[in-house]
Amino acid sequence: MNEHQDGRRWARWGRAARTAAAAAAAAVGIAALAVGVTAGPATAGAGSAARGSLNASLAAAPVARVAAGNAHTCAIPTDGTLWCWGDNLNGQLGDGTTTNRATPVQVGAATTWARIDAGTSSTCGVRTDGTLWCWGGNSNGQLGDGTSTRRTAPVRVGDATNWASVSVAANHTCGVRTNGTLWCWGLNRNTQLGTGSSPYWTTTPLQVGTATTWASVATGYAHTCAVRTDRTLWCWGDSTDGQLGLGILTYRSTPTQVGTATSWAGVTTGYAHTCAVRTDGTLWCWGENGYGQLGGGTGFQTTPVQVGTATTWARVDAGVDSSCAVRTDGSLWCWGNNNSGQLGDGTTTHRNTPTRVGTATTWTDGLAVTYHGCAVRTDGGLWCWGNNVSGQLGDGTTTNRPTPAQVVLPG
């Protein structure tokens, strides 16, 4: 690790870097680009991560989607309800309080939640009617409700009814609408909104350019990347660690195409690194690499570098300083920072190449990682591991777990 990277280590960002799920929920009504391919057929039997889990035999509501913030987690079961748990200092759980929860608590009574994403201290979700709702910390206008007021329960963002997906970062948020337009709001100090160097911040969504071909978007700490329907990849904002993939160590204030490839299936952004899967099943990462979060090589990389030679990667999610990905055979792999056991391999040893998590082959593309990780299996079971200081693993404790344990949502 060189001095350039080491100097950033003290300022670790705490937010979950969100993968841009490229396909919007069918109920939302967008035919968008899928993030990789769907995980392969499930194999019967529980993997090693399931055996011995205290919760493995308990009945739980099947989960459709999961999002991991810095120290909180939210999930949408198949019944369309929304549940959150963990850190709630800024009201990011949406239950009307600022009380931490070590087990899932329902957010309101709505049964129409379709998409969910979580940032450092805020959360946003899309409902099946295409409306967008946000809550939690709002010091930089990242909730998009026209204020900088903290919200402890969901508030609606504008009056649009055509939101397809949303990605939440530390201080800015972006979303794609069903008409293919891209919108961002919140802090723009590092030009992460893609609207140029101004405004410095905004409390309501601003359209990024005039293109109507955006399929998905992912927000990092101070950079943003998005895929268009022609499968080209575009990034903007901070690239002082090479996280834009443009071969630079500076900034871009508007979307700039990454290379010339037209085969990007989806993209995910971490604190200062980025990963993406191509339609041929290859996996590529770039940016900061101090903990091995790029899955290979040494030092930061300013352009995409292939992770190994496998062509069976289905979906990847970038955490703060780590990454996890699912292959088409349903296996789960993680690498990078493992201080809190967020790689799920039973250790706290950092890994600079993908390391398999247990032996299960039933992991789906429902995956979210930060300082902790959560993933959905083919039976709808939700499993979490890693840091648990605020109860974000949902197991009723604040004890870290280096291997996945099942989370029981009331069914």
# chains A, B, ... in the order shown; residues from 1 in each chain; ligands from 1
>>> closest_atom_pairs(of="range 112-229 of chain A", to="range 251-268 of chain A", cutoff="6 Å", atoms="only C-alpha atoms", output="tab-separated table")
residue	atom	partner	partner_atom	distance
A:Thr191	CA	A:Ser253	CA	4.8
A:Gly194	CA	A:Thr254	CA	4.3
A:Thr195	CA	A:Thr254	CA	5.8
A:Gly196	CA	A:Ser253	CA	4.5
A:Ala218	CA	A:Thr268	CA	5.6
>>> residues_around(residues="Trp214 in chain A", least_positions_apart="5", cutoff="8 Å", atoms="only C-alpha atoms", output="ChimeraX atom specification")
/A:176,180-182,226-229
>>> residues_around(residues="Arg351 in chain A", least_positions_apart="2", cutoff="6 Å", atoms="only C-alpha atoms", output="mmCIF file with N, CA, C and O atoms, in the first residue's frame")
data_model
loop_
_atom_site.group_PDB
_atom_site.id
_atom_site.type_symbol
_atom_site.label_atom_id
_atom_site.label_comp_id
_atom_site.auth_asym_id
_atom_site.auth_seq_id
_atom_site.Cartn_x
_atom_site.Cartn_y
_atom_site.Cartn_z
ATOM 1 N N TRP A 335 -13.626 -10.466 -1.082
ATOM 2 C CA TRP A 335 -12.207 -10.126 -0.988
ATOM 3 C C TRP A 335 -12.069 -8.668 -0.522
ATOM 4 O O TRP A 335 -13.000 -7.886 -0.570
ATOM 5 N N GLY A 336 -10.862 -8.326 -0.014
ATOM 6 C CA GLY A 336 -10.592 -6.978 0.460
ATOM 7 C C GLY A 336 -10.462 -6.908 1.968
ATOM 8 O O GLY A 336 -9.990 -7.849 2.614
ATOM 9 N N THR A 353 -7.535 -11.606 -3.316
ATOM 10 C CA THR A 353 -8.167 -12.321 -4.428
ATOM 11 C C THR A 353 -9.487 -12.895 -3.929
ATOM 12 O O THR A 353 -9.659 -13.112 -2.721
#
>>> select_by_dssp(residues="range 286-376 of chain A", states="strand (DSSP E)", output="VMD selection string")
chain A and resid 286 to 287 301 to 306 313 to 318 322 to 327 332 to 336 351 to 356 363 to 369 372 to 376
>>> residues_around(residues="Thr112 in chain A", least_positions_apart="3", cutoff="7 Å", atoms="only C-alpha atoms", output="list of chain:residue names")
A:Gly80, A:Thr81, A:Arg127, A:Thr128
>>> closest_residue(among="A:Val307, A:Leu143, A:Ala164, A:Phe300", to="Trp284 in chain A", atoms="only C-alpha atoms")
A:Val307
>>> residues_around(residues="Pro205 in chain A", least_positions_apart="6", cutoff="7 Å", atoms="only C-alpha atoms", output="JSON, numbers by chain")
{"A": [144, 183, 184, 185]}
>>> closest_atom_pairs(of="range 336-383 of chain A", to="range 65-75 of chain A", cutoff="8 Å", atoms="only C-alpha atoms", output="Markdown table")
| residue | atom | partner | partner_atom | distance |
| --- | --- | --- | --- | --- |
| A:Gly366 | CA | A:Arg65 | CA | 5.9 |
| A:Leu367 | CA | A:Val66 | CA | 6.8 |
| A:Ala368 | CA | A:Ala68 | CA | 5.4 |
| A:Val369 | CA | A:Ala68 | CA | 6.0 |
| A:Thr370 | CA | A:Asn70 | CA | 6.3 |
| A:Tyr371 | CA | A:Asn70 | CA | 6.7 |
| A:His372 | CA | A:Ala68 | CA | 7.5 |
| A:Gly373 | CA | A:Ala68 | CA | 7.1 |
| A:Cys374 | CA | A:Ala68 | CA | 7.2 |
| A:Ala375 | CA | A:Val66 | CA | 7.2 |
| A:Val376 | CA | A:Val66 | CA | 7.7 |
>>> write_last_selection(atoms="N, CA, C and O atoms", output="CSV table (one decimal), in the first residue's frame")
chain,number,residue,atom,x,y,z
A,366,GLY,N,-29.2,-11.2,-4.9
A,366,GLY,CA,-29.6,-10.3,-3.8
A,366,GLY,C,-28.4,-10.2,-2.9
A,366,GLY,O,-28.2,-11.0,-2.0
A,367,LEU,N,-27.6,-9.1,-3.0
A,367,LEU,CA,-26.3,-9.0,-2.3
A,367,LEU,C,-26.1,-7.6,-2.0
A,367,LEU,O,-26.2,-6.7,-2.8
A,368,ALA,N,-25.6,-7.3,-0.7
A,368,ALA,CA,-25.3,-5.9,-0.3
A,368,ALA,C,-24.2,-6.0,0.7
A,368,ALA,O,-24.3,-6.8,1.7
A,369,VAL,N,-23.1,-5.3,0.5
A,369,VAL,CA,-21.9,-5.3,1.4
A,369,VAL,C,-21.4,-3.9,1.8
A,369,VAL,O,-21.4,-3.0,0.9
A,370,THR,N,-21.0,-3.8,3.0
A,370,THR,CA,-20.2,-2.6,3.5
A,370,THR,C,-19.2,-3.1,4.5
A,370,THR,O,-18.4,-3.9,4.2
A,371,TYR,N,-19.3,-2.6,5.8
A,371,TYR,CA,-18.6,-3.2,6.9
A,371,TYR,C,-19.2,-4.5,7.3
A,371,TYR,O,-18.7,-5.2,8.1
A,372,HIS,N,-20.4,-4.7,6.8
A,372,HIS,CA,-21.1,-6.0,7.0
A,372,HIS,C,-21.7,-6.4,5.6
A,372,HIS,O,-21.7,-5.6,4.7
A,373,GLY,N,-22.1,-7.7,5.5
A,373,GLY,CA,-22.6,-8.1,4.3
A,373,GLY,C,-23.9,-8.9,4.5
A,373,GLY,O,-24.1,-9.4,5.6
A,374,CYS,N,-24.8,-8.8,3.5
A,374,CYS,CA,-26.1,-9.6,3.6
A,374,CYS,C,-26.3,-10.1,2.2
A,374,CYS,O,-26.0,-9.4,1.2
A,375,ALA,N,-26.9,-11.3,2.1
A,375,ALA,CA,-27.3,-11.9,0.8
A,375,ALA,C,-28.5,-12.8,1.0
A,375,ALA,O,-28.7,-13.3,2.0
A,376,VAL,N,-29.2,-12.9,-0.1
A,376,VAL,CA,-30.4,-13.7,-0.2
A,376,VAL,C,-30.1,-15.0,-0.9
A,376,VAL,O,-29.4,-15.1,-1.9
>>> residues_around(residues="range 294-297 of chain A", least_positions_apart="3", cutoff="12 Å", atoms="only C-alpha atoms", output="number ranges by chain")
A: 1, 242-243, 269-270, 272-276, 283-291, 300-309, 316-325, 333-337, 350-355
>>> write_last_selection(atoms="C-alpha atoms", output="PDB file, in the first residue's frame")
ATOM      1  CA  MET A   1       0.000   0.000   0.000  1.00  0.00           C
ATOM      2  CA  GLY A 242      -8.555   6.160 -10.159  1.00  0.00           C
ATOM      3  CA  GLN A 243     -12.099   5.104  -9.244  1.00  0.00           C
ATOM      4  CA  THR A 269     -19.193   1.671  -6.412  1.00  0.00           C
ATOM      5  CA  GLY A 270     -17.309   1.499  -3.119  1.00  0.00           C
ATOM      6  CA  ALA A 272     -12.956   4.780  -3.722  1.00  0.00           C
ATOM      7  CA  HIS A 273     -13.121   1.720  -5.953  1.00  0.00           C
ATOM      8  CA  THR A 274     -15.468   0.467  -8.622  1.00  0.00           C
ATOM      9  CA  CYS A 275     -16.314  -2.990  -9.992  1.00  0.00           C
ATOM     10  CA  ALA A 276     -18.457  -4.170 -12.872  1.00  0.00           C
ATOM     11  CA  LEU A 283     -15.392  -9.245 -13.661  1.00  0.00           C
ATOM     12  CA  TRP A 284     -13.464  -5.971 -13.673  1.00  0.00           C
ATOM     13  CA  CYS A 285     -12.398  -3.611 -10.863  1.00  0.00           C
ATOM     14  CA  TRP A 286     -10.415  -0.362 -10.580  1.00  0.00           C
ATOM     15  CA  GLY A 287      -9.537   2.441  -8.143  1.00  0.00           C
ATOM     16  CA  GLU A 288      -8.159   2.159  -4.615  1.00  0.00           C
ATOM     17  CA  ASN A 289      -6.625  -1.190  -3.689  1.00  0.00           C
ATOM     18  CA  GLY A 290      -5.107  -0.769  -0.230  1.00  0.00           C
ATOM     19  CA  TYR A 291      -6.907  -3.844   1.166  1.00  0.00           C
ATOM     20  CA  PHE A 300      -4.483   1.672  -7.197  1.00  0.00           C
ATOM     21  CA  GLN A 301      -5.595   1.138 -10.786  1.00  0.00           C
ATOM     22  CA  THR A 302      -6.873   3.970 -12.969  1.00  0.00           C
ATOM     23  CA  THR A 303      -8.434   1.769 -15.648  1.00  0.00           C
ATOM     24  CA  PRO A 304     -10.508  -1.444 -15.427  1.00  0.00           C
ATOM     25  CA  VAL A 305      -8.463  -4.559 -14.608  1.00  0.00           C
ATOM     26  CA  GLN A 306      -9.920  -8.048 -15.003  1.00  0.00           C
ATOM     27  CA  VAL A 307     -10.314 -10.078 -11.811  1.00  0.00           C
ATOM     28  CA  GLY A 308      -8.813 -13.473 -12.581  1.00  0.00           C
ATOM     29  CA  THR A 309      -9.904 -15.321 -15.701  1.00  0.00           C
ATOM     30  CA  VAL A 316     -20.821  -7.935  -7.820  1.00  0.00           C
ATOM     31  CA  ASP A 317     -21.289  -5.481  -4.960  1.00  0.00           C
ATOM     32  CA  ALA A 318     -18.589  -3.123  -3.695  1.00  0.00           C
ATOM     33  CA  GLY A 319     -18.351  -2.378   0.006  1.00  0.00           C
ATOM     34  CA  VAL A 320     -16.307   0.342   1.668  1.00  0.00           C
ATOM     35  CA  ASP A 321     -12.953  -1.404   1.196  1.00  0.00           C
ATOM     36  CA  SER A 322     -14.151  -4.843   0.156  1.00  0.00           C
ATOM     37  CA  SER A 323     -16.114  -6.553  -2.598  1.00  0.00           C
ATOM     38  CA  CYS A 324     -18.343  -9.608  -2.879  1.00  0.00           C
ATOM     39  CA  ALA A 325     -19.716 -11.357  -5.944  1.00  0.00           C
ATOM     40  CA  TRP A 333     -16.970 -14.959  -3.102  1.00  0.00           C
ATOM     41  CA  CYS A 334     -15.534 -11.964  -1.201  1.00  0.00           C
ATOM     42  CA  TRP A 335     -12.207 -10.126  -0.988  1.00  0.00           C
ATOM     43  CA  GLY A 336     -10.592  -6.978   0.460  1.00  0.00           C
ATOM     44  CA  ASN A 337     -10.813  -5.552   3.989  1.00  0.00           C
ATOM     45  CA  HIS A 350      -7.664  -9.441   4.452  1.00  0.00           C
ATOM     46  CA  ARG A 351      -7.861 -11.126   1.031  1.00  0.00           C
ATOM     47  CA  ASN A 352      -6.514  -9.718  -2.224  1.00  0.00           C
ATOM     48  CA  THR A 353      -8.167 -12.321  -4.428  1.00  0.00           C
ATOM     49  CA  PRO A 354     -11.734 -13.685  -4.371  1.00  0.00           C
ATOM     50  CA  THR A 355     -12.205 -16.135  -1.474  1.00  0.00           C
TER      51      THR A 355
END
>>> residues_around(residues="range 160-163 of chain A", least_positions_apart="6", cutoff="7 Å", atoms="only C-alpha atoms", output="list in words")
Val126, Asp129, Gly130, Thr131, Leu132, Val176, Arg177 and Thr178 of chain A
>>> write_last_selection(atoms="N, CA and C atoms", output="PDB file, in the first residue's frame")
ATOM      1  N   VAL A 126     -38.214   2.784  -3.564  1.00  0.00           N
ATOM      2  CA  VAL A 126     -39.198   3.010  -4.621  1.00  0.00           C
ATOM      3  C   VAL A 126     -40.372   2.071  -4.385  1.00  0.00           C
ATOM      4  N   ASP A 129     -45.857   1.932  -7.272  1.00  0.00           N
ATOM      5  CA  ASP A 129     -46.528   2.978  -8.048  1.00  0.00           C
ATOM      6  C   ASP A 129     -45.534   3.963  -8.647  1.00  0.00           C
ATOM      7  N   GLY A 130     -44.223   3.668  -8.508  1.00  0.00           N
ATOM      8  CA  GLY A 130     -43.202   4.527  -9.088  1.00  0.00           C
ATOM      9  C   GLY A 130     -42.852   5.748  -8.274  1.00  0.00           C
ATOM     10  N   THR A 131     -43.387   5.864  -7.065  1.00  0.00           N
ATOM     11  CA  THR A 131     -43.022   6.994  -6.207  1.00  0.00           C
ATOM     12  C   THR A 131     -41.729   6.679  -5.465  1.00  0.00           C
ATOM     13  N   LEU A 132     -40.995   7.741  -5.118  1.00  0.00           N
ATOM     14  CA  LEU A 132     -39.719   7.626  -4.426  1.00  0.00           C
ATOM     15  C   LEU A 132     -39.826   8.239  -3.045  1.00  0.00           C
ATOM     16  N   VAL A 176     -32.760   6.572 -11.398  1.00  0.00           N
ATOM     17  CA  VAL A 176     -33.140   6.457 -12.807  1.00  0.00           C
ATOM     18  C   VAL A 176     -34.657   6.353 -12.885  1.00  0.00           C
ATOM     19  N   ARG A 177     -35.228   7.062 -13.849  1.00  0.00           N
ATOM     20  CA  ARG A 177     -36.670   6.980 -14.069  1.00  0.00           C
ATOM     21  C   ARG A 177     -36.972   6.025 -15.225  1.00  0.00           C
ATOM     22  N   THR A 178     -38.229   5.653 -15.328  1.00  0.00           N
ATOM     23  CA  THR A 178     -38.619   4.666 -16.339  1.00  0.00           C
ATOM     24  C   THR A 178     -38.497   5.202 -17.764  1.00  0.00           C
TER      25      THR A 178
END
>>> closest_residue(among="A:Ala310, A:Leu93, A:Val326, A:Ile116", to="Trp135 in chain A", atoms="only C-alpha atoms")
A:Leu93
>>> closest_residue(among="A:Thr403, A:Asn140, A:Thr152, A:Thr111", to="Asn88 in chain A", atoms="only C-alpha atoms")
A:Thr152
>>> closest_residue(among="A:Thr97, A:Thr204, A:Thr378, A:Ser239", to="Cys225 in chain A", atoms="only C-alpha atoms")
A:Ser239
